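So this block is query.txt, compact mmCIF, C-alpha atoms and all ligand atoms:
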```txt
# COMPACT_ATOMS: atom_id res chain seq x y z
CA ALA B 403 96.44 124.43 103.71
CA ALA B 404 96.46 126.26 100.41
CA LYS B 405 99.97 125.05 99.64
CA SER B 406 99.17 121.35 99.89
CA VAL B 407 96.01 121.75 97.82
CA GLY B 408 97.85 123.25 94.92
CA GLY B 409 96.79 125.79 92.36
CA ASP B 410 93.65 124.12 91.05
CA ARG B 411 90.72 126.36 92.02
CA TRP B 412 88.18 123.57 91.66
CA THR B 413 90.07 121.51 94.20
CA TRP B 414 90.44 124.48 96.46
CA PHE B 415 86.71 125.13 96.63
CA ASP B 416 85.73 121.50 97.05
CA PRO B 417 84.74 121.32 100.76
CA ILE B 418 85.96 117.73 101.18
CA MET B 419 89.32 118.53 99.70
CA ASP B 420 89.46 121.61 101.85
CA GLN B 421 88.83 119.54 104.94
CA LEU B 422 91.47 117.00 103.91
CA ALA B 423 93.92 119.81 103.35
CA ALA B 424 93.16 121.21 106.79
CA GLU B 425 93.78 117.81 108.40
CA ASP B 426 96.92 117.57 106.35
CA ALA B 427 98.10 120.87 107.79
CA VAL B 428 97.30 119.83 111.37
CA LEU B 429 99.02 116.47 110.96
CA GLY B 430 101.93 118.20 109.26
CA ALA B 431 102.34 120.51 112.24
CA ASP B 432 102.20 117.49 114.59
CA LEU B 433 104.83 115.75 112.50
CA MET B 434 107.21 118.68 112.81
CA ARG B 435 107.11 118.21 116.58
CA ALA B 436 107.31 114.42 116.47
CA ILE B 437 111.10 114.15 116.64
CA GLY B 438 111.39 116.47 119.63
CA ARG B 439 108.64 114.56 121.40
CA ASP B 440 110.22 111.17 120.81
CA GLU B 441 107.25 109.89 118.82
CA LEU B 442 109.29 108.44 115.95
CA PHE B 443 111.05 105.10 116.12
CA MET B 444 112.64 102.59 113.79
CA LEU B 445 111.72 98.99 113.04
CA TYR B 446 113.89 96.60 111.02
CA GLN B 447 112.44 94.08 108.59
CA PRO B 448 114.63 91.07 107.86
CA ILE B 449 115.77 90.37 104.31
CA VAL B 450 116.33 86.65 103.92
CA GLU B 451 117.96 84.11 101.66
CA LEU B 452 115.73 81.81 99.68
CA PRO B 453 114.54 79.17 100.00
CA HIS B 454 114.85 78.68 103.75
CA GLY B 455 114.65 82.18 105.10
CA LYS B 456 118.18 82.42 106.46
CA PHE B 457 118.77 85.90 107.83
CA ALA B 458 120.73 88.13 105.43
CA GLY B 459 120.04 91.73 106.34
CA VAL B 460 117.43 94.27 107.35
CA GLU B 461 115.54 97.24 105.96
CA ALA B 462 115.02 100.10 108.39
CA LEU B 463 111.44 101.44 108.40
CA VAL B 464 110.34 104.50 110.34
CA ARG B 465 107.23 104.55 112.52
CA TRP B 466 105.26 107.39 114.09
CA ARG B 467 103.30 106.87 117.27
CA HIS B 468 100.91 109.82 117.34
CA PRO B 469 99.66 110.69 120.84
CA GLU B 470 95.99 110.77 119.71
CA HIS B 471 95.81 108.83 116.45
CA GLY B 472 98.11 105.99 117.42
CA LEU B 473 100.43 104.46 114.83
CA ILE B 474 100.44 106.33 111.54
CA SER B 475 101.81 104.61 108.45
CA PRO B 476 104.89 106.04 106.72
CA ALA B 477 102.87 105.66 103.52
CA VAL B 478 100.88 108.60 104.95
CA PHE B 479 103.43 110.70 106.80
CA ILE B 480 106.44 110.37 104.48
CA PRO B 481 104.54 111.97 101.56
CA LEU B 482 103.30 114.59 104.03
CA ALA B 483 106.86 115.28 105.14
CA GLU B 484 107.93 115.50 101.51
CA ARG B 485 105.23 118.06 100.70
CA SER B 486 106.22 120.26 103.64
CA GLY B 487 109.97 119.94 103.18
CA TYR B 488 110.23 118.51 106.69
CA ILE B 489 111.52 115.30 105.09
CA LEU B 490 115.03 116.75 105.21
CA GLU B 491 115.01 116.90 109.00
CA LEU B 492 113.13 113.61 109.33
CA GLY B 493 115.48 111.93 106.86
CA ARG B 494 118.50 113.17 108.78
CA TRP B 495 117.05 111.79 112.01
CA VAL B 496 116.39 108.40 110.36
CA LEU B 497 119.91 108.24 108.94
CA GLU B 498 121.44 108.98 112.33
CA GLN B 499 119.39 106.28 114.03
CA VAL B 500 120.15 103.68 111.40
CA VAL B 501 123.85 104.38 111.00
CA ARG B 502 124.28 104.38 114.78
CA GLN B 503 122.36 101.10 115.04
CA ALA B 504 124.43 99.50 112.29
CA ALA B 505 127.65 100.65 114.01
CA ASP B 506 126.46 99.25 117.36
CA TRP B 507 125.62 95.90 115.80
CA GLN B 508 128.98 95.77 114.03
CA ARG B 509 130.83 96.54 117.27
CA GLU B 510 128.85 94.11 119.41
CA TYR B 511 128.33 91.24 117.01
CA GLY B 512 131.12 91.49 114.44
CA ASP B 513 130.65 88.86 111.75
CA ARG B 514 127.23 87.94 113.06
CA ALA B 515 125.86 91.46 112.50
CA PRO B 516 123.56 91.90 109.48
CA GLU B 517 125.54 91.80 106.27
CA LYS B 518 123.44 94.68 105.00
CA VAL B 519 121.41 97.39 106.69
CA SER B 520 119.19 99.25 104.23
CA VAL B 521 117.75 102.71 104.70
CA ASN B 522 115.20 104.53 102.55
CA ILE B 523 116.29 107.86 101.12
CA SER B 524 113.62 110.19 99.78
CA ALA B 525 113.86 112.13 96.51
CA ARG B 526 114.07 115.41 98.37
CA GLN B 527 117.10 114.23 100.35
CA LEU B 528 118.89 113.07 97.22
CA GLN B 529 118.27 116.38 95.52
CA GLU B 530 119.63 118.35 98.44
CA PRO B 531 123.10 119.63 97.53
CA GLY B 532 125.55 118.42 100.14
CA PHE B 533 123.57 115.29 100.97
CA ALA B 534 126.48 112.97 100.22
CA ALA B 535 128.88 115.17 102.18
CA GLU B 536 126.54 115.08 105.16
CA MET B 537 126.36 111.32 104.84
CA ALA B 538 130.15 111.08 104.72
CA ALA B 539 130.42 113.12 107.92
CA LEU B 540 127.88 110.92 109.68
CA LEU B 541 129.61 107.70 108.60
CA ALA B 542 132.96 108.98 109.82
CA ARG B 543 131.51 110.15 113.13
CA GLU B 544 129.83 106.81 113.86
CA GLY B 545 132.77 104.75 112.62
CA VAL B 546 130.56 102.36 110.70
CA ASP B 547 131.77 99.91 108.07
CA VAL B 548 130.01 101.46 105.08
CA ARG B 549 130.11 98.27 103.07
CA GLY B 550 127.30 97.06 105.30
CA LEU B 551 125.02 99.96 104.38
CA VAL B 552 122.54 100.13 101.54
CA ALA B 553 120.74 103.29 100.41
CA GLU B 554 117.31 102.55 98.93
CA VAL B 555 116.18 105.08 96.35
CA THR B 556 113.25 105.05 93.94
CA GLU B 557 113.33 105.27 90.17
CA THR B 558 111.33 108.47 90.27
CA ALA B 559 113.82 110.09 92.62
CA VAL B 560 116.78 109.28 90.42
CA LEU B 561 115.07 110.16 87.14
CA GLY B 562 114.04 113.49 88.63
CA THR B 563 117.27 115.47 88.44
CA GLY B 564 120.93 115.29 87.64
CA THR B 565 121.62 116.21 91.26
CA ALA B 566 119.96 112.99 92.41
CA LEU B 567 121.98 110.91 89.97
CA ASP B 568 125.15 112.64 91.15
CA ALA B 569 124.15 111.88 94.73
CA VAL B 570 123.82 108.19 93.88
CA LYS B 571 127.28 108.23 92.36
CA ALA B 572 128.64 110.02 95.42
CA LEU B 573 127.08 107.40 97.74
CA ASN B 574 128.75 104.72 95.65
CA ALA B 575 132.04 106.54 95.95
CA LEU B 576 131.63 106.53 99.74
CA GLY B 577 131.36 102.74 99.58
CA LEU B 578 127.63 102.35 100.12
CA ARG B 579 125.56 100.09 97.93
CA VAL B 580 122.50 101.56 96.28
CA ALA B 581 119.21 99.74 95.74
CA LEU B 582 116.46 100.75 93.33
CA ASP B 583 113.33 100.38 95.45
CA ASP B 584 109.82 99.45 94.27
CA PHE B 585 111.29 98.67 90.88
CA GLY B 586 108.76 98.75 88.10
CA THR B 587 106.23 101.08 89.73
CA GLY B 588 107.77 104.50 89.19
CA GLN B 589 108.52 106.12 85.88
CA SER B 590 110.41 102.97 85.02
CA SER B 591 113.02 103.31 82.42
CA LEU B 592 115.44 100.52 81.69
CA SER B 593 117.98 103.17 80.74
CA LEU B 594 118.21 103.82 84.47
CA LEU B 595 119.96 100.46 84.76
CA VAL B 596 122.46 101.73 82.20
CA ASN B 597 123.05 105.21 83.61
CA CYS B 598 122.58 104.81 87.32
CA PRO B 599 125.13 102.76 89.25
CA VAL B 600 122.91 100.53 91.40
CA GLN B 601 123.96 97.25 92.94
CA ILE B 602 120.55 95.98 94.03
CA LEU B 603 117.14 95.95 92.43
CA LYS B 604 114.08 95.53 94.65
CA VAL B 605 111.24 94.03 92.65
CA ASP B 606 108.00 95.61 93.82
CA LYS B 607 105.36 93.69 95.71
CA SER B 608 102.78 94.38 93.01
CA PHE B 609 104.72 92.06 90.69
CA VAL B 610 105.55 89.51 93.38
CA ASP B 611 101.83 89.29 94.20
CA GLY B 612 101.21 87.69 90.80
CA VAL B 613 104.21 85.39 90.71
CA THR B 614 102.26 82.16 91.21
CA THR B 615 99.64 83.03 88.60
CA ASP B 616 99.60 82.98 84.83
CA SER B 617 100.02 86.73 84.56
CA PRO B 618 102.09 89.54 83.07
CA GLN B 619 103.41 90.16 86.59
CA ALA B 620 104.88 86.65 86.69
CA VAL B 621 106.51 87.15 83.30
CA ILE B 622 108.07 90.40 84.51
CA VAL B 623 109.37 88.80 87.72
CA ASP B 624 110.98 86.03 85.63
CA SER B 625 112.50 88.46 83.13
CA LEU B 626 113.99 90.69 85.82
CA ILE B 627 116.12 87.77 86.99
CA THR B 628 117.65 87.49 83.54
CA ILE B 629 118.34 91.22 83.51
CA THR B 630 119.83 91.39 87.00
CA GLN B 631 121.97 88.31 86.53
CA GLY B 632 123.26 89.69 83.23
CA LEU B 633 124.05 93.03 84.83
CA ARG B 634 125.52 91.32 87.91
CA ILE B 635 123.25 93.16 90.28
CA GLU B 636 121.36 91.58 93.13
CA ALA B 637 117.59 91.12 93.01
CA VAL B 638 115.39 91.25 96.11
CA ALA B 639 111.74 90.18 95.86
CA GLU B 640 109.58 92.46 98.02
CA GLY B 641 106.33 91.64 99.81
CA VAL B 642 106.55 87.84 99.79
CA GLU B 643 103.49 86.65 101.72
CA THR B 644 103.20 82.93 100.97
CA ALA B 645 105.36 79.81 100.83
CA GLU B 646 104.19 79.27 97.24
CA GLN B 647 105.52 82.66 96.21
CA ALA B 648 108.83 82.01 97.97
CA GLU B 649 109.21 78.64 96.25
CA ARG B 650 108.39 80.02 92.84
CA LEU B 651 110.80 82.95 93.28
CA HIS B 652 113.56 80.59 94.31
CA ARG B 653 112.87 78.34 91.35
CA VAL B 654 113.24 81.17 88.85
CA GLY B 655 116.52 82.29 90.42
CA TYR B 656 115.81 84.77 93.21
CA ARG B 657 118.31 84.53 96.04
CA LEU B 658 116.93 87.22 98.34
CA ALA B 659 113.45 88.07 99.56
CA GLN B 660 111.59 90.17 102.06
CA GLY B 661 108.01 89.85 103.22
CA PHE B 662 105.53 88.95 105.93
CA HIS B 663 105.88 85.26 105.08
CA PHE B 664 109.38 85.43 106.54
CA ALA B 665 109.27 88.34 108.94
CA ARG B 666 107.46 91.54 109.79
CA PRO B 667 109.34 94.71 110.69
CA LEU B 668 110.78 94.18 114.19
CA PRO B 669 112.30 96.27 116.98
CA ALA B 670 116.12 96.22 117.01
CA GLU B 671 116.19 94.06 120.18
CA ASP B 672 114.28 91.31 118.39
CA VAL B 673 116.44 91.43 115.27
CA VAL B 674 119.45 90.56 117.43
CA LEU B 675 117.83 87.19 118.19
CA LEU B 676 118.20 86.29 114.51
CA PHE B 677 121.93 86.90 114.20
CA ASP B 678 122.84 83.43 115.37
CA GLN B 679 120.85 81.70 112.69
CA ASP B 680 123.67 82.67 110.42
CA GLY B 681 126.04 80.29 112.12
CA ALA B 682 123.64 77.39 111.64
CA GLY B 683 125.28 76.30 108.38
CA ASP B 684 122.74 74.97 105.93
CA GLY B 685 120.68 73.28 108.61
CA GLN B 686 117.23 73.78 107.25
CA SER B 687 114.48 72.44 109.41
CA GLY B 688 115.01 74.12 112.76
CA GLN B 689 115.89 77.37 111.15
CA ARG B 690 112.67 77.75 109.26
CA GLU B 691 110.67 76.77 112.35
CA LYS B 692 112.50 79.26 114.46
CA THR B 693 112.01 82.10 112.02
CA THR B 694 108.35 81.52 111.49
CA SER B 695 107.45 81.21 115.14
CA LEU B 696 109.49 84.24 116.12
CA PHE B 697 108.11 86.37 113.34
CA ARG B 698 104.42 85.74 113.76
CA SER B 699 103.91 88.18 116.57
P1 LIG A 1 109.35 100.40 101.05
O1 LIG A 1 110.66 101.05 101.20
O2 LIG A 1 109.06 99.71 99.79
O3 LIG A 1 109.25 99.39 102.29
C1 LIG A 1 108.60 98.15 102.24
C2 LIG A 1 107.20 98.27 102.77
O4 LIG A 1 106.49 97.07 102.51
C3 LIG A 1 107.14 98.47 104.29
O5 LIG A 1 105.98 99.24 104.57
C4 LIG A 1 106.94 97.03 104.79
O6 LIG A 1 106.36 96.94 106.07
C5 LIG A 1 106.00 96.53 103.72
N1 LIG A 1 106.02 95.09 103.58
C6 LIG A 1 107.07 94.25 103.70
N2 LIG A 1 106.72 92.97 103.46
C7 LIG A 1 105.39 93.00 103.19
C8 LIG A 1 104.42 91.99 102.88
O7 LIG A 1 104.71 90.80 102.79
N3 LIG A 1 103.14 92.40 102.68
C9 LIG A 1 102.77 93.71 102.77
N4 LIG A 1 101.48 94.02 102.56
N5 LIG A 1 103.65 94.69 103.06
C10 LIG A 1 104.95 94.34 103.27
P2 LIG A 1 106.04 100.51 105.55
O8 LIG A 1 106.99 100.28 106.66
O9 LIG A 1 104.63 100.86 105.87
O10 LIG A 1 106.67 101.63 104.63
C11 LIG A 1 106.00 102.12 103.50
C12 LIG A 1 106.91 102.99 102.68
O11 LIG A 1 107.22 104.20 103.40
C13 LIG A 1 108.27 102.36 102.38
O12 LIG A 1 108.14 101.46 101.30
C14 LIG A 1 109.08 103.59 102.06
O13 LIG A 1 108.81 104.03 100.75
C15 LIG A 1 108.52 104.60 103.04
N6 LIG A 1 109.38 104.63 104.23
C16 LIG A 1 109.36 103.84 105.33
N7 LIG A 1 110.34 104.19 106.19
C17 LIG A 1 111.02 105.24 105.63
C18 LIG A 1 112.14 106.04 106.01
O14 LIG A 1 112.76 105.84 107.07
N8 LIG A 1 112.51 107.03 105.15
C19 LIG A 1 111.86 107.26 103.96
N9 LIG A 1 112.28 108.26 103.17
N10 LIG A 1 110.81 106.50 103.56
C20 LIG A 1 110.39 105.51 104.37
MG MG A 2 112.52 100.46 100.82
MG MG A 3 110.25 98.75 98.55
MG MG A 4 107.29 99.29 98.37
```

Would you encode the structure as structure tokens?
Amino acid sequence: AAKSVGGDRWTWFDPIMDQLAAEDAVLGADLMRAIGRDELFMLYQPIVELPHGKFAGVEALVRWRHPEHGLISPAVFIPLAERSGYILELGRWVLEQVVRQAADWQREYGDRAPEKVSVNISARQLQEPGFAAEMAALLAREGVDVRGLVAEVTETAVLGTGTALDAVKALNALGLRVALDDFGTGQSSLSLLVNCPVQILKVDKSFVDGVTTDSPQAVIVDSLITITQGLRIEAVAEGVETAEQAERLHRVGYRLAQGFHFARPLPAEDVVLLFDQDGAGDGQSGQREKTTSLFRS
């Protein structure tokens, strides 16, 4: 417990913090057994084209079904895994699942498979020497078309060290596309867009939330389109929850979006049901109906 509390003696002697740290340690120990006990699984949230929600790709999101506590959010257990270092093993497991899934979809569905399958990579993974080499070995083993894979990394991860930046370049060299996730919420620096070779920028939900209001967030969402178009990188609006937001985003130039308005994270079997929407040309009405009814589960 002492390790996760840190060096601050005040914190250490605070009984509530101490209790939290103890729970942290227990949960951390549970997490280290989660892979072996088959408690982790992946869901895939569709990324869609605006304005009609045509299926364009997916983001893989890990889930943990704890035997006593039920579903635990990755917002809780990913930071926990990062603190303990277990993220390296967890991250490796996630990558294997996702790359295998992408390869299966490519084999079974060819052109109808998702154009892009995105996977989140944590800072610790990026900073691990040999990460890109490990990735290369995995890609070769699974025989996946790497052009369909996207590595999502955060600003903070890439700003952290030269190793992380090198890893991003190495992923690019392997043929993967790299997305800057939660853009605008980390230690944002526009120089990152100059120095770091990313192909996709994911505009954080906290900005998208304000897009229909007269707010600084809306101004930022608008401006990011100018920047991404100028740099020829793709923009994805995250956390779109309403039709009004989707319409506004489309109007200011966003082509891609992700959010509960279109689809929640889904099991792989359910994602497959969306592949055919792609062949539906620009037929609008039925498509939107189909997506919404399927997604509201
Ligand atoms: P993220 O990468 O930014 O993923 C998007 C998160 O926003 C997901 O939460 C998704 O369910 C949620 N989301 C999508 N649309 C909406 C919406 O319209 N409204 C709201 N309120 N939320 C929406 P999730 O799955 O709980 O994941 C949270 C974070 O945990 C992720 O944020 C990512 O940073 C991390 N994470 C998840 N899976 C993995 C993984 O496999 N590896 C690593 N390293 N991190 C992961
Ligand atoms: Mg992400
Ligand atoms: Mg994100
Ligand atoms: Mg986010």

All residues 6 Å or closer to range 563-573 of chain B, only C-alpha atoms, same chain fewer than 5 positions away omitted, as JSON, numbers by chain: {"B": [528, 529, 578]}

Residues from last step as file, C-alpha atoms, as a PDB file, keeping the file's coordinate frame:
```
ATOM      1  CA  LEU B 528     118.890 113.070  97.220  1.00  0.00           C
ATOM      2  CA  GLN B 529     118.270 116.380  95.520  1.00  0.00           C
ATOM      3  CA  LEU B 578     127.630 102.350 100.120  1.00  0.00           C
TER       4      LEU B 578
END
```

Surrounding residues as JSON, numbers by chain, ligand LIG 1 (chain A), max 7 Å, all atoms listed in the file: {"B": [462, 463, 464, 475, 476, 477, 480, 493, 496, 521, 522, 523, 524, 583, 584, 640, 641, 642, 643, 660, 661, 662, 663, 666, 667]}

Deliver the residues from the most recent selection as a file, using C-alpha atoms, as an mmCIF file, keeping the file's coordinate frame.
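Result saved to result_22.cif:
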```
data_model
loop_
_atom_site.group_PDB
_atom_site.id
_atom_site.type_symbol
_atom_site.label_atom_id
_atom_site.label_comp_id
_atom_site.auth_asym_id
_atom_site.auth_seq_id
_atom_site.Cartn_x
_atom_site.Cartn_y
_atom_site.Cartn_z
ATOM 1 C CA ALA B 462 115.020 100.100 108.390
ATOM 2 C CA LEU B 463 111.440 101.440 108.400
ATOM 3 C CA VAL B 464 110.340 104.500 110.340
ATOM 4 C CA SER B 475 101.810 104.610 108.450
ATOM 5 C CA PRO B 476 104.890 106.040 106.720
ATOM 6 C CA ALA B 477 102.870 105.660 103.520
ATOM 7 C CA ILE B 480 106.440 110.370 104.480
ATOM 8 C CA GLY B 493 115.480 111.930 106.860
ATOM 9 C CA VAL B 496 116.390 108.400 110.360
ATOM 10 C CA VAL B 521 117.750 102.710 104.700
ATOM 11 C CA ASN B 522 115.200 104.530 102.550
ATOM 12 C CA ILE B 523 116.290 107.860 101.120
ATOM 13 C CA SER B 524 113.620 110.190 99.780
ATOM 14 C CA ASP B 583 113.330 100.380 95.450
ATOM 15 C CA ASP B 584 109.820 99.450 94.270
ATOM 16 C CA GLU B 640 109.580 92.460 98.020
ATOM 17 C CA GLY B 641 106.330 91.640 99.810
ATOM 18 C CA VAL B 642 106.550 87.840 99.790
ATOM 19 C CA GLU B 643 103.490 86.650 101.720
ATOM 20 C CA GLN B 660 111.590 90.170 102.060
ATOM 21 C CA GLY B 661 108.010 89.850 103.220
ATOM 22 C CA PHE B 662 105.530 88.950 105.930
ATOM 23 C CA HIS B 663 105.880 85.260 105.080
ATOM 24 C CA ARG B 666 107.460 91.540 109.790
ATOM 25 C CA PRO B 667 109.340 94.710 110.690
#
```

Shell of 8 Å around range 542-544 of chain B, all atoms listed in the file, local chain residues under 6 positions omitted, as a PyMOL selection string: chain B and resi 501-502+505

Non-local contacts of Val623 in chain B (8 Å; only C-alpha atoms; under 4 positions in same chain excluded) as number ranges by chain: B: 605, 609-610, 613, 619, 627

Pick from B:Ala581, B:Met434, B:Val674, B:Val500 nearest to Val638 in chain B, counting only C-alpha atoms: B:Ala581

Nearest to ligand MG 3 (chain A) by atom-to-atom distance, counting only C-alpha atoms and all ligand atoms, from B:Gln447, B:Gln527, B:Val560, B:Leu576: B:Gln447

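Straight-line separation from CA of Ala575 in chain B to CA of Val600 in chain B: 11.8 Å.
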
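The space between CA of Asp513 in chain B and CA of Val548 in chain B spans 14.3 Å.
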
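Restricting the calculation to all atoms listed in the file, the smallest distance between Gln589 in chain B and any of B:Gly562, B:Thr614, B:Ala515, B:Ala553 is found for B:Gly562.
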
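Compared by their closest atoms to ligand MG 3 (chain A), and using only C-alpha atoms and all ligand atoms, the residues B:Gly586, B:Pro669, B:Gly612, B:Gly655 rank with B:Gly586 nearest.
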
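For the residues B:Gly588, B:Gly577, B:Pro453, B:Gly472, ranking by smallest atom-to-atom distance to His652 in chain B using only C-alpha atoms places B:Pro453 first.
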
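The gap separating CA of Ala659 in chain B from CA of Glu451 in chain B is 6.4 Å, in Å to one decimal.
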
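Comparing the minimum interatomic distances between Ala620 in chain B and each of B:Leu594, B:Leu551, B:Ala665, B:Val654, counting all atoms listed in the file, we find that B:Val654 sits nearest.
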